[in-house]
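A short worksheet on the structure shown next.
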Amino acid sequence: MGGVLALGVEPIAFGAVDSAVPHAPDALFFGAWRAPDRAALDALVAGIATTGWHDYFETVNAGGETVDLTAHLGQLAAA
């Protein structure tokens, strides 16, 4: 993972999903990363795939630009 860290990818949080939270996903674990740009995100996703991780767990990758709450409410309204 050192290569993606050099690209500016930051590990943010990891843990077990609390299934008691309303609308919790079926996933058992979660991880959150921050990437400075699309190239770094693509490198992270490719790096995870090369480890064989997807052979052991069902995984979901979600990515997108972060925005503040007001902008996000606008995204929701536009959807």
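Going through the structure tokens in order, the chains are called A, B, and so on, while each chain numbers its residues from 1 and the ligands are numbered from 1 in the order shown.
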
Which of chain A DSSP labels helix (DSSP H, G or I), written as JSON, numbers by chain: {"A": [2, 3, 4, 5, 6, 38, 39, 40, 41, 42, 43, 44, 45, 46, 47, 48, 49, 50, 53, 54, 55, 56, 69, 70, 71, 72, 73, 74, 75, 76, 77, 78]}

Output file for the selection above: N, CA and C atoms, as an mmCIF file, in the first residue's frame:
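Done, and the output landed in selection-v5.cif:
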data_model
loop_
_atom_site.group_PDB
_atom_site.id
_atom_site.type_symbol
_atom_site.label_atom_id
_atom_site.label_comp_id
_atom_site.auth_asym_id
_atom_site.auth_seq_id
_atom_site.Cartn_x
_atom_site.Cartn_y
_atom_site.Cartn_z
ATOM 1 N N GLY A 2 2.171 1.094 0.192
ATOM 2 C CA GLY A 2 3.044 2.256 0.231
ATOM 3 C C GLY A 2 2.966 3.116 -1.007
ATOM 4 N N GLY A 3 2.750 2.470 -2.184
ATOM 5 C CA GLY A 3 2.668 3.225 -3.425
ATOM 6 C C GLY A 3 1.516 4.209 -3.447
ATOM 7 N N VAL A 4 0.366 3.781 -2.965
ATOM 8 C CA VAL A 4 -0.787 4.695 -2.987
ATOM 9 C C VAL A 4 -0.652 5.767 -1.915
ATOM 10 N N LEU A 5 -0.003 5.444 -0.816
ATOM 11 C CA LEU A 5 0.223 6.472 0.207
ATOM 12 C C LEU A 5 1.116 7.569 -0.356
ATOM 13 N N ALA A 6 2.080 7.186 -1.181
ATOM 14 C CA ALA A 6 2.954 8.167 -1.814
ATOM 15 C C ALA A 6 2.183 9.063 -2.786
ATOM 16 N N ARG A 38 -8.550 11.619 -8.974
ATOM 17 C CA ARG A 38 -9.072 10.385 -9.553
ATOM 18 C C ARG A 38 -7.957 9.369 -9.816
ATOM 19 N N ALA A 39 -6.790 9.841 -10.220
ATOM 20 C CA ALA A 39 -5.681 8.921 -10.488
ATOM 21 C C ALA A 39 -5.276 8.169 -9.222
ATOM 22 N N ALA A 40 -5.239 8.864 -8.095
ATOM 23 C CA ALA A 40 -4.895 8.218 -6.822
ATOM 24 C C ALA A 40 -5.995 7.239 -6.407
ATOM 25 N N LEU A 41 -7.255 7.614 -6.603
ATOM 26 C CA LEU A 41 -8.368 6.709 -6.296
ATOM 27 C C LEU A 41 -8.289 5.456 -7.159
ATOM 28 N N ASP A 42 -8.044 5.635 -8.444
ATOM 29 C CA ASP A 42 -7.926 4.480 -9.335
ATOM 30 C C ASP A 42 -6.779 3.571 -8.907
ATOM 31 N N ALA A 43 -5.660 4.155 -8.479
ATOM 32 C CA ALA A 43 -4.520 3.359 -8.021
ATOM 33 C C ALA A 43 -4.873 2.585 -6.754
ATOM 34 N N LEU A 44 -5.619 3.201 -5.853
ATOM 35 C CA LEU A 44 -6.048 2.515 -4.626
ATOM 36 C C LEU A 44 -6.945 1.331 -4.963
ATOM 37 N N VAL A 45 -7.949 1.555 -5.791
ATOM 38 C CA VAL A 45 -8.882 0.484 -6.158
ATOM 39 C C VAL A 45 -8.139 -0.653 -6.867
ATOM 40 N N ALA A 46 -7.226 -0.310 -7.763
ATOM 41 C CA ALA A 46 -6.442 -1.333 -8.465
ATOM 42 C C ALA A 46 -5.527 -2.077 -7.493
ATOM 43 N N GLY A 47 -4.932 -1.358 -6.563
ATOM 44 C CA GLY A 47 -4.056 -1.988 -5.578
ATOM 45 C C GLY A 47 -4.800 -2.969 -4.696
ATOM 46 N N ILE A 48 -5.990 -2.608 -4.283
ATOM 47 C CA ILE A 48 -6.800 -3.518 -3.464
ATOM 48 C C ILE A 48 -7.149 -4.765 -4.275
ATOM 49 N N ALA A 49 -7.490 -4.580 -5.540
ATOM 50 C CA ALA A 49 -7.852 -5.725 -6.394
ATOM 51 C C ALA A 49 -6.674 -6.679 -6.566
ATOM 52 N N THR A 50 -5.463 -6.147 -6.700
ATOM 53 C CA THR A 50 -4.306 -7.020 -6.917
ATOM 54 C C THR A 50 -3.946 -7.836 -5.687
ATOM 55 N N TRP A 53 -8.164 -9.374 -2.487
ATOM 56 C CA TRP A 53 -9.173 -9.074 -1.456
ATOM 57 C C TRP A 53 -10.579 -9.450 -1.914
ATOM 58 N N HIS A 54 -10.886 -9.167 -3.186
ATOM 59 C CA HIS A 54 -12.235 -9.428 -3.710
ATOM 60 C C HIS A 54 -12.544 -10.926 -3.805
ATOM 61 N N ASP A 55 -11.519 -11.762 -3.724
ATOM 62 C CA ASP A 55 -11.722 -13.214 -3.738
ATOM 63 C C ASP A 55 -12.210 -13.730 -2.387
ATOM 64 N N TYR A 56 -12.040 -12.949 -1.346
ATOM 65 C CA TYR A 56 -12.389 -13.387 0.009
ATOM 66 C C TYR A 56 -13.630 -12.716 0.570
ATOM 67 N N LEU A 69 -22.194 20.319 3.389
ATOM 68 C CA LEU A 69 -23.580 19.897 3.560
ATOM 69 C C LEU A 69 -24.532 20.638 2.623
ATOM 70 N N THR A 70 -24.348 21.929 2.456
ATOM 71 C CA THR A 70 -25.235 22.697 1.582
ATOM 72 C C THR A 70 -25.160 22.195 0.145
ATOM 73 N N ALA A 71 -23.955 21.952 -0.341
ATOM 74 C CA ALA A 71 -23.796 21.433 -1.696
ATOM 75 C C ALA A 71 -24.388 20.036 -1.811
ATOM 76 N N HIS A 72 -24.243 19.232 -0.766
ATOM 77 C CA HIS A 72 -24.803 17.888 -0.814
ATOM 78 C C HIS A 72 -26.333 17.924 -0.845
ATOM 79 N N LEU A 73 -26.917 18.812 -0.089
ATOM 80 C CA LEU A 73 -28.382 18.953 -0.149
ATOM 81 C C LEU A 73 -28.820 19.343 -1.562
ATOM 82 N N GLY A 74 -28.023 20.155 -2.242
ATOM 83 C CA GLY A 74 -28.311 20.492 -3.627
ATOM 84 C C GLY A 74 -28.190 19.276 -4.537
ATOM 85 N N GLN A 75 -27.182 18.403 -4.279
ATOM 86 C CA GLN A 75 -27.054 17.167 -5.040
ATOM 87 C C GLN A 75 -28.286 16.290 -4.863
ATOM 88 N N LEU A 76 -28.742 16.183 -3.625
ATOM 89 C CA LEU A 76 -29.927 15.362 -3.339
ATOM 90 C C LEU A 76 -31.160 15.920 -4.032
ATOM 91 N N ALA A 77 -31.307 17.220 -3.995
ATOM 92 C CA ALA A 77 -32.474 17.858 -4.616
ATOM 93 C C ALA A 77 -32.463 17.671 -6.137
ATOM 94 N N ALA A 78 -31.272 17.618 -6.716
ATOM 95 C CA ALA A 78 -31.144 17.483 -8.165
ATOM 96 C C ALA A 78 -31.295 16.036 -8.635
#

Exercise: Asp26 in chain A partners within 12 Å, only C-alpha atoms, chain neighbours under 6 positions left out, as a list of chain:residue names: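 That gives A:Ala16, A:Val17, A:Asp18, A:Ser19, A:Ala20, A:Phe57, A:Glu58, A:Thr59, A:Val60.
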
Limited to C-alpha atoms, could you put the picked residues into a file as a compact mmCIF listing (two decimals), in the first residue's frame?
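Now in out_22.txt:
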# COMPACT_ATOMS: atom_id res chain seq x y z
CA ALA A 16 -16.83 -3.51 11.93
CA VAL A 17 -20.29 -2.44 10.72
CA ASP A 18 -22.77 -2.02 13.56
CA SER A 19 -25.72 -4.00 12.24
CA ALA A 20 -28.01 -2.43 14.87
CA PHE A 57 -15.04 -10.74 0.63
CA GLU A 58 -17.90 -9.13 -1.21
CA THR A 59 -16.76 -5.56 -1.64
CA VAL A 60 -18.30 -2.29 -2.73

Pairwise distance for CA of Trp33 in chain A and CA of Glu10 in chain A, rounded to one decimal in Å: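 Computed distance, CA of Trp33 in chain A to CA of Glu10 in chain A, equals 5.5 Å.
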
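Our summary of the geometry notes that CA of Pro11 in chain A is positioned 20.2 Å from CA of Asp68 in chain A.
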
Selected residue of minimal separation from Leu7 in chain A among A:Pro22, A:Gly64, A:Gly31, A:Pro36, counting only C-alpha atoms: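 With only C-alpha atoms as the atom set, the closest residue is A:Pro36.
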
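Omitting Phe14 in chain A and its sequence neighbours fewer than 4 positions away, and counting only C-alpha atoms, the residues within 8 Å are Phe29, Phe30, Gly31 and Ala32 of chain A.
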
Got time to write the residues from that selection, N, CA, C and O atoms, as an mmCIF file, in the first residue's frame?
data_model
loop_
_atom_site.group_PDB
_atom_site.id
_atom_site.type_symbol
_atom_site.label_atom_id
_atom_site.label_comp_id
_atom_site.auth_asym_id
_atom_site.auth_seq_id
_atom_site.Cartn_x
_atom_site.Cartn_y
_atom_site.Cartn_z
ATOM 1 N N PHE A 29 -17.642 -5.287 7.446
ATOM 2 C CA PHE A 29 -16.591 -4.327 7.765
ATOM 3 C C PHE A 29 -16.646 -3.148 6.801
ATOM 4 O O PHE A 29 -17.221 -3.240 5.730
ATOM 5 N N PHE A 30 -16.008 -2.052 7.182
ATOM 6 C CA PHE A 30 -15.929 -0.884 6.315
ATOM 7 C C PHE A 30 -14.532 -0.281 6.389
ATOM 8 O O PHE A 30 -13.786 -0.514 7.332
ATOM 9 N N GLY A 31 -14.208 0.452 5.356
ATOM 10 C CA GLY A 31 -12.973 1.227 5.325
ATOM 11 C C GLY A 31 -13.246 2.517 4.590
ATOM 12 O O GLY A 31 -14.029 2.540 3.643
ATOM 13 N N ALA A 32 -12.649 3.584 5.044
ATOM 14 C CA ALA A 32 -12.808 4.880 4.388
ATOM 15 C C ALA A 32 -11.417 5.443 4.100
ATOM 16 O O ALA A 32 -10.542 5.448 4.973
#
